[in-house]
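Enquirer: File target_32.txt follows (compact mmCIF, C-alpha atoms):
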```
# COMPACT_ATOMS: atom_id res chain seq x y z
CA MET H 50 173.36 229.26 129.17
CA ILE H 51 176.50 227.33 130.08
CA PRO H 52 178.65 227.64 126.92
CA LEU H 53 178.88 224.44 124.88
CA SER H 54 181.20 223.32 122.13
CA VAL H 55 179.74 220.81 119.69
CA CYS H 56 182.53 218.48 118.53
CA ILE H 57 182.14 216.47 115.33
CA ILE H 58 184.55 214.24 113.41
CA GLY H 59 183.94 213.01 109.88
CA LYS H 60 185.24 211.90 106.51
CA ASN H 61 183.54 212.11 103.11
CA GLU H 62 180.22 213.16 104.60
CA GLU H 63 179.07 215.64 101.95
CA LYS H 64 175.65 213.98 101.81
CA ASN H 65 175.08 214.48 105.56
CA ILE H 66 177.22 217.36 106.81
CA GLU H 67 174.83 220.23 106.09
CA ARG H 68 171.86 218.36 107.49
CA CYS H 69 173.96 217.77 110.61
CA LEU H 70 175.32 221.31 111.08
CA ALA H 71 172.42 223.52 110.00
CA PRO H 72 170.12 222.72 112.98
CA LEU H 73 172.93 223.60 115.42
CA VAL H 74 173.56 227.13 114.19
CA PRO H 75 170.49 228.89 115.72
CA TYR H 76 171.58 227.95 119.25
CA GLY H 77 174.91 229.76 119.15
CA PHE H 78 177.06 226.72 119.89
CA GLU H 79 180.73 226.73 119.02
CA ILE H 80 180.89 224.08 116.28
CA VAL H 81 184.21 222.22 115.99
CA TYR H 82 184.54 220.01 112.92
CA VAL H 83 187.55 217.69 112.61
CA ASP H 84 188.08 216.09 109.21
CA THR H 85 189.97 212.80 109.02
CA GLY H 86 190.79 212.82 105.32
CA SER H 87 187.83 213.77 103.13
CA THR H 88 188.26 213.70 99.37
CA ASP H 89 184.81 215.14 98.62
CA ARG H 90 183.21 218.52 99.43
CA THR H 91 182.66 217.86 103.15
CA LYS H 92 185.00 220.58 104.42
CA GLU H 93 183.78 223.09 101.85
CA LEU H 94 180.19 222.54 102.95
CA ALA H 95 181.08 222.56 106.65
CA ALA H 96 182.70 225.97 106.20
CA LYS H 97 179.24 227.43 105.51
CA TYR H 98 178.38 226.80 109.18
CA THR H 99 181.61 227.12 111.18
CA ASP H 100 185.11 228.60 111.04
CA HIS H 101 186.45 225.95 113.40
CA ILE H 102 187.54 223.30 110.90
CA TYR H 103 190.64 221.20 111.55
CA ASP H 104 192.45 218.32 109.85
CA PHE H 105 193.49 215.18 111.68
CA GLU H 106 195.62 212.55 109.99
CA TRP H 107 193.74 209.27 110.31
CA ILE H 108 195.63 206.68 112.38
CA ASN H 109 192.88 204.02 112.68
CA ASP H 110 191.92 205.39 116.09
CA PHE H 111 188.52 206.99 116.63
CA SER H 112 189.36 208.01 120.20
CA ALA H 113 192.45 209.88 119.05
CA ALA H 114 190.33 211.88 116.58
CA ARG H 115 187.64 212.50 119.22
CA ASN H 116 190.18 213.69 121.77
CA PHE H 117 191.78 215.98 119.19
CA SER H 118 188.39 217.59 118.67
CA LEU H 119 188.06 218.09 122.44
CA GLN H 120 191.41 219.86 122.47
CA LYS H 121 190.17 222.28 119.83
CA ALA H 122 187.01 223.13 121.79
CA SER H 123 187.10 226.53 123.53
CA HIS H 124 184.54 225.57 126.18
CA ASN H 125 184.83 223.01 128.95
CA TYR H 126 181.46 221.39 128.34
CA VAL H 127 181.36 219.52 125.05
CA LEU H 128 178.51 217.92 123.13
CA ILE H 129 179.48 215.12 120.74
CA ILE H 130 177.51 214.56 117.54
CA ASP H 131 178.22 212.40 114.48
CA CYS H 132 177.72 213.54 110.90
CA ASP H 133 174.86 211.09 110.40
CA GLU H 134 172.98 212.45 113.43
CA PHE H 135 170.63 215.39 113.16
CA LEU H 136 169.27 217.54 115.98
CA THR H 137 165.47 217.35 116.14
CA ASP H 138 164.62 218.58 119.64
CA ILE H 139 166.43 220.48 122.40
CA ASP H 140 165.63 222.31 125.64
CA LEU H 141 168.53 224.61 126.49
CA ASN H 142 167.19 225.55 129.91
CA GLY H 143 166.68 221.89 130.73
CA ILE H 144 170.23 221.08 129.67
CA GLU H 145 171.65 223.88 131.80
CA GLN H 146 169.68 222.70 134.82
CA ALA H 147 170.82 219.10 134.28
CA ILE H 148 174.47 220.18 134.07
CA GLN H 149 174.17 222.21 137.26
CA GLU H 150 172.69 219.22 139.06
CA HIS H 151 175.35 216.83 137.69
CA PRO H 152 178.48 218.95 137.08
CA ARG H 153 180.79 215.92 136.92
CA GLY H 154 178.36 213.53 135.25
CA ILE H 155 177.95 212.40 131.65
CA GLY H 156 174.82 213.56 129.83
CA LEU H 157 172.81 211.01 127.83
CA VAL H 158 171.01 212.22 124.73
CA LEU H 159 168.04 210.42 123.19
CA ARG H 160 169.04 208.99 119.81
CA ILE H 161 166.37 207.75 117.40
CA ASN H 162 168.05 205.13 115.23
CA GLN H 163 166.51 204.66 111.80
CA CYS H 164 166.80 200.98 110.88
CA GLU H 165 165.93 198.81 107.91
CA SER H 166 165.18 195.11 108.24
CA ASN H 167 163.66 192.85 105.60
CA GLY H 168 162.69 195.88 103.55
CA LYS H 169 160.80 197.52 106.44
CA MET H 170 161.84 200.77 108.10
CA THR H 171 161.70 200.85 111.89
CA VAL H 172 163.10 203.05 114.64
CA SER H 173 165.11 202.01 117.68
CA PRO H 174 165.62 204.66 120.39
CA ASP H 175 168.58 204.52 122.75
CA ARG H 176 170.42 206.76 125.20
CA VAL H 177 174.05 207.57 124.39
CA GLU H 178 176.78 209.42 126.29
CA ARG H 179 177.38 212.72 124.55
CA LEU H 180 177.76 215.66 126.96
CA PHE H 181 180.53 216.07 129.54
CA HIS H 182 183.24 218.31 130.99
CA LYS H 183 186.43 217.74 128.99
CA ARG H 184 188.67 218.22 132.02
CA TYR H 185 187.08 215.19 133.66
CA TYR H 186 186.52 212.88 130.70
CA HIS H 187 188.03 211.84 127.39
CA TYR H 188 187.68 208.95 124.92
CA ASN H 189 189.30 205.53 125.06
CA TYR H 190 189.44 202.54 122.62
CA THR H 191 190.38 202.81 118.97
CA ILE H 192 186.88 201.90 117.77
CA HIS H 193 183.44 202.08 119.38
CA GLU H 194 185.11 204.62 121.60
CA GLN H 195 183.88 205.07 125.15
CA VAL H 196 183.74 208.15 127.40
CA CYS H 197 186.12 207.44 130.28
CA ASP H 198 187.42 209.15 133.40
CA ILE H 199 190.46 211.08 132.23
CA ASN H 200 192.57 209.87 135.17
CA THR H 201 191.47 206.25 135.61
CA ASN H 202 189.97 205.38 132.18
CA SER H 203 187.01 203.94 134.05
CA THR H 204 183.74 203.90 132.11
CA TYR H 205 181.67 203.51 135.26
CA CYS H 206 180.63 207.13 135.84
CA GLU H 207 177.57 209.08 136.88
CA ARG H 208 175.11 209.44 133.98
CA TYR H 209 172.01 211.57 133.58
CA ASP H 210 169.47 212.27 130.83
CA ILE H 211 169.44 215.59 129.01
CA PRO H 212 166.52 216.95 126.93
CA LEU H 213 168.13 216.61 123.50
CA THR H 214 167.08 214.30 120.67
CA LEU H 215 169.06 213.21 117.61
CA ASP H 216 167.80 211.45 114.51
CA HIS H 217 170.39 208.81 113.48
CA ILE H 218 170.58 207.28 109.98
CA GLY H 219 173.88 205.40 110.36
CA TYR H 220 172.24 201.97 110.33
CA ILE H 221 170.57 202.52 106.96
CA GLY H 222 172.34 201.19 103.89
CA SER H 223 172.53 198.43 101.33
CA ASP H 224 173.59 194.92 102.31
CA GLU H 225 176.95 195.57 100.68
CA GLU H 226 177.45 198.83 102.59
CA LYS H 227 176.61 197.08 105.86
CA ARG H 228 178.98 194.23 105.04
CA LEU H 229 181.86 196.60 104.30
CA LYS H 230 181.18 198.54 107.50
CA ALA H 231 181.14 195.32 109.54
CA GLU H 232 184.41 194.16 107.97
CA ARG H 233 186.06 197.55 108.60
CA ASN H 234 184.94 197.61 112.20
CA ASN H 235 185.93 194.03 112.92
CA ALA H 236 189.40 194.51 111.46
CA LEU H 237 190.00 197.17 114.12
CA LEU H 238 188.18 195.23 116.83
CA PHE H 239 190.24 192.08 116.32
CA LYS H 240 193.39 194.17 116.77
CA GLU H 241 191.94 195.49 120.02
CA ILE H 242 191.20 191.93 121.15
CA GLU H 243 194.84 191.02 120.50
CA LYS H 244 195.90 193.87 122.78
CA HIS H 245 193.12 193.40 125.35
CA PRO H 246 192.10 189.72 125.23
CA ASN H 247 190.30 189.96 128.58
CA ASP H 248 188.13 192.99 127.79
CA PRO H 249 184.57 191.80 127.08
CA TYR H 250 183.58 195.09 125.45
CA PHE H 251 185.44 194.25 122.25
CA TYR H 252 183.86 190.80 121.95
CA PHE H 253 180.47 192.48 122.38
CA GLN H 254 181.21 194.93 119.58
CA VAL H 255 182.34 192.14 117.23
CA GLY H 256 179.02 190.49 117.95
CA GLN H 257 177.32 193.77 117.09
CA SER H 258 179.10 193.88 113.74
CA TYR H 259 177.81 190.42 112.87
CA ASN H 260 174.36 191.32 114.15
CA LEU H 261 174.35 194.31 111.76
CA ILE H 262 174.55 191.91 108.79
CA ASP H 263 172.15 189.33 110.29
CA ASP H 264 174.96 186.80 110.86
CA TYR H 265 173.40 185.55 114.09
CA GLU H 266 175.64 182.50 114.39
CA ASN H 267 178.82 184.54 114.65
CA ALA H 268 177.05 187.16 116.74
CA TYR H 269 176.14 184.39 119.21
CA ILE H 270 179.76 183.21 119.38
CA TYR H 271 181.12 186.63 120.33
CA TYR H 272 178.32 187.62 122.71
CA LYS H 273 178.84 184.31 124.50
CA LYS H 274 182.56 185.01 124.74
CA ALA H 275 181.86 188.44 126.26
CA PHE H 276 179.64 186.87 128.90
CA GLU H 277 182.49 184.60 130.00
CA PHE H 278 184.16 187.60 131.65
CA PRO H 279 183.14 189.47 134.81
CA LEU H 280 180.62 192.14 133.81
CA ASN H 281 179.18 195.20 135.46
CA THR H 282 175.50 194.67 134.72
CA GLU H 283 174.74 198.33 135.41
CA GLU H 284 176.70 199.38 132.33
CA LEU H 285 174.40 200.39 129.48
CA TRP H 286 176.23 198.28 126.93
CA VAL H 287 175.99 195.18 129.12
CA GLN H 288 172.24 195.68 129.52
CA PHE H 289 171.93 196.03 125.75
CA MET H 290 174.12 192.97 125.12
CA ALA H 291 171.81 190.78 127.20
CA VAL H 292 168.99 191.54 124.75
CA THR H 293 171.08 191.06 121.61
CA PHE H 294 172.58 187.83 122.98
CA ILE H 295 169.11 186.42 123.63
CA ASN H 296 167.98 187.45 120.17
CA SER H 297 170.97 185.75 118.55
CA MET H 298 170.08 182.56 120.42
CA THR H 299 166.39 182.63 119.46
CA HIS H 300 167.39 183.25 115.82
CA THR H 301 169.70 180.21 115.86
CA GLY H 302 167.38 177.77 117.61
CA ARG H 303 169.03 178.01 121.03
CA SER H 304 166.07 179.11 123.15
CA ASP H 305 166.52 176.24 125.61
CA GLU H 306 170.13 177.32 126.12
CA ALA H 307 169.02 180.94 126.46
CA LEU H 308 166.60 180.08 129.24
CA GLU H 309 169.19 178.04 131.12
CA PHE H 310 171.67 180.91 130.79
CA PHE H 311 169.44 183.86 131.68
CA GLU H 312 167.09 182.49 134.31
CA PRO H 313 169.80 182.78 137.01
CA LEU H 314 170.67 186.29 135.75
CA TYR H 315 167.09 187.51 135.39
CA SER H 316 167.15 190.00 138.28
CA TYR H 317 170.22 191.77 136.84
CA PHE H 318 168.52 192.62 133.54
CA ALA H 319 164.78 192.71 134.29
CA ASN H 320 164.30 196.47 133.98
CA THR H 321 163.52 197.17 130.32
CA ALA H 322 160.73 196.31 127.91
CA ASP H 323 163.32 194.97 125.50
CA PHE H 324 164.55 192.38 127.98
CA TYR H 325 161.04 191.31 128.97
CA CYS H 326 160.11 190.84 125.29
CA SER H 327 163.28 188.83 124.73
CA MET H 328 162.48 186.59 127.68
CA GLY H 329 158.94 186.15 126.34
CA ASN H 330 160.42 185.08 123.01
CA ILE H 331 162.53 182.49 124.81
CA TYR H 332 159.50 180.92 126.51
CA LEU H 333 157.56 180.82 123.25
CA ASN H 334 160.40 179.15 121.33
CA LEU H 335 161.42 176.45 123.80
CA THR H 336 161.38 172.84 122.73
CA ASN H 337 158.42 172.61 125.08
CA PRO H 338 156.91 176.12 124.89
CA GLN H 339 155.65 177.80 128.06
CA PRO H 340 153.05 180.30 126.77
CA LEU H 341 151.80 181.41 130.18
CA LYS H 342 155.30 182.37 131.33
CA ALA H 343 155.79 184.13 128.01
CA MET H 344 152.55 186.02 128.61
CA MET H 345 153.83 187.26 131.97
CA GLU H 346 156.95 188.68 130.32
CA TYR H 347 154.97 190.47 127.61
CA VAL H 348 152.67 191.96 130.24
CA LYS H 349 155.72 193.33 132.07
CA ALA H 350 157.01 194.78 128.79
CA SER H 351 153.69 196.52 128.12
CA GLN H 352 153.84 198.13 131.55
CA CYS H 353 157.26 199.75 130.98
CA ALA H 354 157.12 203.50 130.50
CA GLU H 355 160.02 203.72 128.07
CA ALA H 356 161.34 201.32 125.45
CA GLN H 357 164.65 201.10 123.62
CA GLU H 358 163.36 199.19 120.60
CA GLU H 359 160.36 200.61 118.79
CA GLY H 360 157.21 198.92 119.99
CA SER H 361 158.77 196.74 122.67
CA ASN H 362 156.37 198.22 125.24
CA THR H 363 153.37 198.54 122.90
CA PHE H 364 152.56 196.72 119.69
CA ILE H 365 155.13 193.91 120.06
CA PRO H 366 153.94 192.60 123.45
CA TYR H 367 150.29 193.24 122.49
CA TYR H 368 150.75 191.16 119.34
CA ASN H 369 152.40 188.32 121.23
CA MET H 370 149.71 188.36 123.92
CA GLY H 371 147.19 188.04 121.11
CA LEU H 372 149.18 185.18 119.62
CA ILE H 373 149.31 183.33 122.95
CA ASN H 374 145.56 183.74 123.51
CA GLU H 375 144.95 182.45 120.00
CA MET H 376 147.18 179.44 120.74
CA LEU H 377 145.15 178.79 123.90
CA GLY H 378 141.84 179.02 122.03
CA ASN H 379 140.67 182.31 123.52
CA ALA H 380 139.67 184.14 120.35
CA PRO H 381 137.97 187.16 121.99
CA ALA H 382 141.05 187.93 124.09
CA ALA H 383 143.28 187.39 121.06
CA ILE H 384 141.20 189.85 119.02
CA ASN H 385 141.40 192.40 121.84
CA PHE H 386 145.22 192.29 121.94
CA TYR H 387 145.55 192.21 118.16
CA GLN H 388 143.40 195.34 118.03
CA LYS H 389 145.70 197.07 120.51
CA SER H 390 148.71 196.11 118.41
CA ALA H 391 147.05 196.99 115.10
CA ALA H 392 146.31 200.47 116.48
CA TYR H 393 150.05 201.05 115.92
CA HIS H 394 149.71 199.74 112.33
CA TYR H 395 151.71 196.59 113.12
CA PRO H 396 151.29 194.43 109.97
CA LEU H 397 151.41 191.03 111.71
CA ALA H 398 148.63 192.06 114.10
CA GLU H 399 146.55 193.45 111.24
CA GLU H 400 146.90 190.14 109.40
CA ARG H 401 145.82 187.99 112.35
CA LEU H 402 142.97 190.38 113.18
CA ALA H 403 141.65 190.11 109.63
CA VAL H 404 141.74 186.31 109.83
CA LEU H 405 139.96 186.10 113.19
CA THR H 406 137.30 188.65 112.33
CA GLY H 407 136.74 187.26 108.84
CA THR H 408 137.61 190.50 107.08
CA CYS H 409 140.54 189.17 105.05
```
Translate the structure described by the file into structure tokens.
Expert:
Amino acid sequence: MIPLSVCIIGKNEEKNIERCLAPLVPYGFEIVYVDTGSTDRTKELAAKYTDHIYDFEWINDFSAARNFSLQKASHNYVLIIDCDEFLTDIDLNGIEQAIQEHPRGIGLVLRINQCESNGKMTVSPDRVERLFHKRYYHYNYTIHEQVCDINTNSTYCERYDIPLTLDHIGYIGSDEEKRLKAERNNALLFKEIEKHPNDPYFYFQVGQSYNLIDDYENAYIYYKKAFEFPLNTEELWVQFMAVTFINSMTHTGRSDEALEFFEPLYSYFANTADFYCSMGNIYLNLTNPQPLKAMMEYVKASQCAEAQEEGSNTFIPYYNMGLINEMLGNAPAAINFYQKSAAYHYPLAEERLAVLTGTC
């Protein structure tokens, strides 16, 4: 196996650190933990799993802390994990093969984000850049740090999937915890915007902070600002922003504006179930709804092999196809799609199915 160093930074993570480190130990990785100022038992607990523990004085710069951890790694290939991420699945042979096929690429791990919305727990998978050769890449940006070419700071690099899955609980918390996190992040992001007023990435991340606390109006403002700049639509974050921008518009009654904005850009983003579902939502929420066009988008979503958001290629489009058929007066077809959605225990589909079949 190509030797790997797992690099982790953290502060006051005593509730997560053992759950993070323990699954790594059986694989023989070098574990490098960099602490940025803990006042709890984080370092004491980390010491049960690794001798490579270092202190880094916090300077409001996540990239600086990340890059310090890379410097402490003994091996060239590094795997980055956060304290609130826990290894659940890994194929070492598959990782080695992927590295050999892409020696200068950036490996994407599958992250399963645990989310809470309106009192309901959901999951949202995504692919994140976490494995690379430290002589070729490092981190840039003080917050929401990005893996960049070490010579050019370009984020446009070869990427490839690796067979490794992480369970992520960082989006779970009380409304107050989310608000404090959003305020902390935005304080740093606004400073970055002052230094880099023409970098759309920071406007996107401010929008994300507002989206975290369901402030869709402010999220819309900053996503819209990001889209005013030239964008590389092949970047993962730009693809994701298209979906979140649409969602902020549908939440704030701007579906007509969303359609006018994204129809000319459709071909740049039409490659994920999430985008197709978002476009379907636009058509359904227009001043003059277009249910048949919405149906076409949901069909495309259901035909996607992989989804970022939970259910965006299964129970969500099935439910909406049922809803559209019900709107059009085709009860048998509506029941059929509601049944497909309810098979995933989607509550809204179960409710409509009960009404149409008279079992409620």
Enquirer: Report, in Å with one decimal, the straight-line distance from atom CA of Arg160 of chain H to atom CA of Leu213 of chain H.
Expert: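 Value for the atom CA of Arg160 of chain H-atom CA of Leu213 of chain H distance: 8.5 Å.
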Enquirer: Can you list, as a PyMOL selection string, every protein, DNA or RNA residue that comes within 7 Å of Met298 of chain H when you count all atoms listed in the file, leaving out same-chain residues fewer than 4 positions away?
Expert: chain H and resi 269+294+302-304+307
Enquirer: With all atoms listed in the file as the basis for distance, which of H:Tyr271, H:Tyr317, H:Tyr250, H:Tyr76 is at the shortest distance from Asn189 of chain H?
Expert: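 Smallest distance to Asn189 of chain H is found for H:Tyr250.
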Enquirer: My list of candidates is H:Leu237, H:Ala382, H:Cys353, H:Leu261. Which is closest to Ile108 of chain H when distances are computed with only C-alpha atoms?
Expert: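 Among the listed residues, the smallest separation from Ile108 of chain H belongs to H:Leu237.
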Enquirer: Would you work out the distance separating atom CA of Lys183 of chain H from atom CA of Gly77 of chain H, expressed in Å to one decimal?
Expert: 19.3 Å
Enquirer: Considering only C-alpha atoms, state which residue in the set H:Ile102, H:Asn61, H:Lys230, H:Ile373 is at the smallest distance from Asn334 of chain H.
Expert: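 Smallest separation from Asn334 of chain H among the options: H:Ile373.
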Enquirer: Produce the centre coordinates and the three edge lengths, each in Å to one decimal, of the box along x, y and z that contains all listed atoms of segment 277-281 of chain H with 8 Å added on each side, as AutoDock Vina command-line options.
Expert:
```
--center_x 181.7 --center_y 189.9 --center_z 132.7 --size_x 21.0 --size_y 26.6 --size_z 21.5
```
Enquirer: Which one of H:Leu215, H:Leu397, H:Ile161, H:Leu180 sits closest to Leu73 of chain H if you count all atoms listed in the file?
Expert: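 With all atoms listed in the file as the atom set, the closest residue is H:Leu215.
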Enquirer: Figure out the distance between atom CA of Pro381 of chain H and atom CA of Ala356 of chain H, please, to one decimal in Å.
Expert: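 Calculated distance between atom CA of Ala356 of chain H and atom CA of Pro381 of chain H is 27.5 Å.
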Enquirer: Go through H:Ser390, H:Asn296, H:Asn116, H:Ser351 and flag the residue nearest Ser327 of chain H, using only C-alpha atoms for the distances.
Expert: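 Once distances to Ser327 of chain H are computed over only C-alpha atoms, the minimum belongs to H:Asn296.
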Enquirer: If you count only C-alpha atoms, which residues fall within 10 Å of Pro338 of chain H, apart from same-chain ones fewer than 6 positions away, as a ChimeraX atom specification?
Expert: /H:304-305,330-332
Enquirer: Can you pull out every residue within 12 Å of Tyr393 of chain H, counting only C-alpha atoms, but drop anything in the same chain fewer than 3 positions away, and send it as a list in words?
Expert: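 That gives Glu359, Gly360, Ser361, Asn362, Thr363, Phe364, Ile365, Pro366, Tyr367, Tyr368, Phe386, Tyr387, Gln388, Lys389, Ser390, Pro396, Leu397, Ala398 and Glu399 of chain H.
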Enquirer: Looking at H:Ile148, H:Ile51, H:Ile384, H:Ala122, which one is nearest to Tyr82 of chain H, with distances taken over all atoms listed in the file?
Expert: H:Ala122
Enquirer: Would you pick out the contacts of His217 of chain H at 6 Å or less, using only C-alpha atoms, so that residues sharing its chain but fewer than 6 positions from it are not included, and give the list as an mmCIF file with C-alpha atoms, in the frame of the given file?
Expert:
```cif
data_model
loop_
_atom_site.group_PDB
_atom_site.id
_atom_site.type_symbol
_atom_site.label_atom_id
_atom_site.label_comp_id
_atom_site.auth_asym_id
_atom_site.auth_seq_id
_atom_site.Cartn_x
_atom_site.Cartn_y
_atom_site.Cartn_z
ATOM 1 C CA ASP H 133 174.860 211.090 110.400
ATOM 2 C CA GLU H 134 172.980 212.450 113.430
ATOM 3 C CA ILE H 161 166.370 207.750 117.400
ATOM 4 C CA ASN H 162 168.050 205.130 115.230
ATOM 5 C CA GLN H 163 166.510 204.660 111.800
#
```
Enquirer: Please provide the set of residues having any atom within 8 Å of Cys132 of chain H, restricted to only C-alpha atoms, with same-chain residues fewer than 6 positions apart removed, written as a list in words.
Expert: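 Once the nearby chain positions are removed, what remains is Ile57, Ile58, Gly59, Glu62, Asn65, Ile66 and Cys69 of chain H.
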Enquirer: Identify the residues within 12 Å of coordinate (194.2, 209.0, 133.4) (same frame as the file), considering only C-alpha atoms, and give the answer as a PDB file with C-alpha atoms, in the frame of the given file.
Expert:
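Once everything was written out, this is part_39.pdb:
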```
ATOM      1  CA  ARG H 184     188.670 218.220 132.020  1.00  0.00           C
ATOM      2  CA  TYR H 185     187.080 215.190 133.660  1.00  0.00           C
ATOM      3  CA  TYR H 186     186.520 212.880 130.700  1.00  0.00           C
ATOM      4  CA  HIS H 187     188.030 211.840 127.390  1.00  0.00           C
ATOM      5  CA  TYR H 188     187.680 208.950 124.920  1.00  0.00           C
ATOM      6  CA  ASN H 189     189.300 205.530 125.060  1.00  0.00           C
ATOM      7  CA  CYS H 197     186.120 207.440 130.280  1.00  0.00           C
ATOM      8  CA  ASP H 198     187.420 209.150 133.400  1.00  0.00           C
ATOM      9  CA  ILE H 199     190.460 211.080 132.230  1.00  0.00           C
ATOM     10  CA  ASN H 200     192.570 209.870 135.170  1.00  0.00           C
ATOM     11  CA  THR H 201     191.470 206.250 135.610  1.00  0.00           C
ATOM     12  CA  ASN H 202     189.970 205.380 132.180  1.00  0.00           C
ATOM     13  CA  SER H 203     187.010 203.940 134.050  1.00  0.00           C
ATOM     14  CA  THR H 204     183.740 203.900 132.110  1.00  0.00           C
TER      15      THR H 204
END
```
